[in-house]
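Here's the structure, in C-alpha cells; my notes come after.
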Amino acid sequence: MVRSRWFSLLMLVGLLLSVTVSGYAQGATGQLSGTVTDAQGARVQGASVKVTNRDTALERDVVTDENGNFAVQLLPPGKYR
C-alpha cells in the first residue's frame, strides 16, 4: 500500500511538471526576420527596416547587420507591413 501511494505521488508530480513546462513553451509574441538586398541581389548593410502592425499601428524600427539580415522580436500577434 505504501508503494502504491509513492507511485501515485510520483505520477502526480510528473504530470504537474509536464503541464508547467508545456505552459512555458507557449508564447504570446512572435518574430519577423529577413534580408535586405539591392536591385542586383547584393545584401545591404545598415538599411533601416520599419515593421508596422496593420491593426494597431505599432511600429518597430531595426537596422540590418553586416550581412543585410534583420530580426524584429517580441511582436504581438497580428498582421504586419
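Identifiers for the C-alpha cells are assigned positionally: chains receive A, B, ... in sequence, residues are indexed from 1 per chain, and ligands are indexed from 1 in the order shown.
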So that I can check the surroundings of Val44 in chain A, please list as a PyMOL selection string every protein, DNA and RNA residue that reaches within 10 Å of it, counting only C-alpha atoms and ignoring chain neighbours fewer than 2 positions away. chain A and resi 35-38+41-42+46-48+64-69
Please write the residues from the selection above to a file, keeping C-alpha atoms, as an mmCIF file, in the first residue's frame.
data_model
loop_
_atom_site.group_PDB
_atom_site.id
_atom_site.type_symbol
_atom_site.label_atom_id
_atom_site.label_comp_id
_atom_site.auth_asym_id
_atom_site.auth_seq_id
_atom_site.Cartn_x
_atom_site.Cartn_y
_atom_site.Cartn_z
ATOM 1 C CA THR A 35 17.371 40.010 -45.557
ATOM 2 C CA VAL A 36 17.514 43.336 -47.416
ATOM 3 C CA THR A 37 19.043 43.201 -50.904
ATOM 4 C CA ASP A 38 19.560 45.783 -53.633
ATOM 5 C CA GLY A 41 20.834 40.996 -55.259
ATOM 6 C CA ALA A 42 23.680 42.245 -53.052
ATOM 7 C CA GLY A 46 22.863 49.300 -42.294
ATOM 8 C CA ALA A 47 19.470 49.549 -44.017
ATOM 9 C CA SER A 48 16.560 50.818 -41.903
ATOM 10 C CA THR A 64 20.270 45.367 -40.878
ATOM 11 C CA ASP A 65 23.529 43.778 -39.755
ATOM 12 C CA GLU A 66 26.751 43.432 -41.790
ATOM 13 C CA ASN A 67 25.100 40.664 -43.853
ATOM 14 C CA GLY A 68 21.885 42.575 -44.570
ATOM 15 C CA ASN A 69 19.880 40.490 -42.081
#
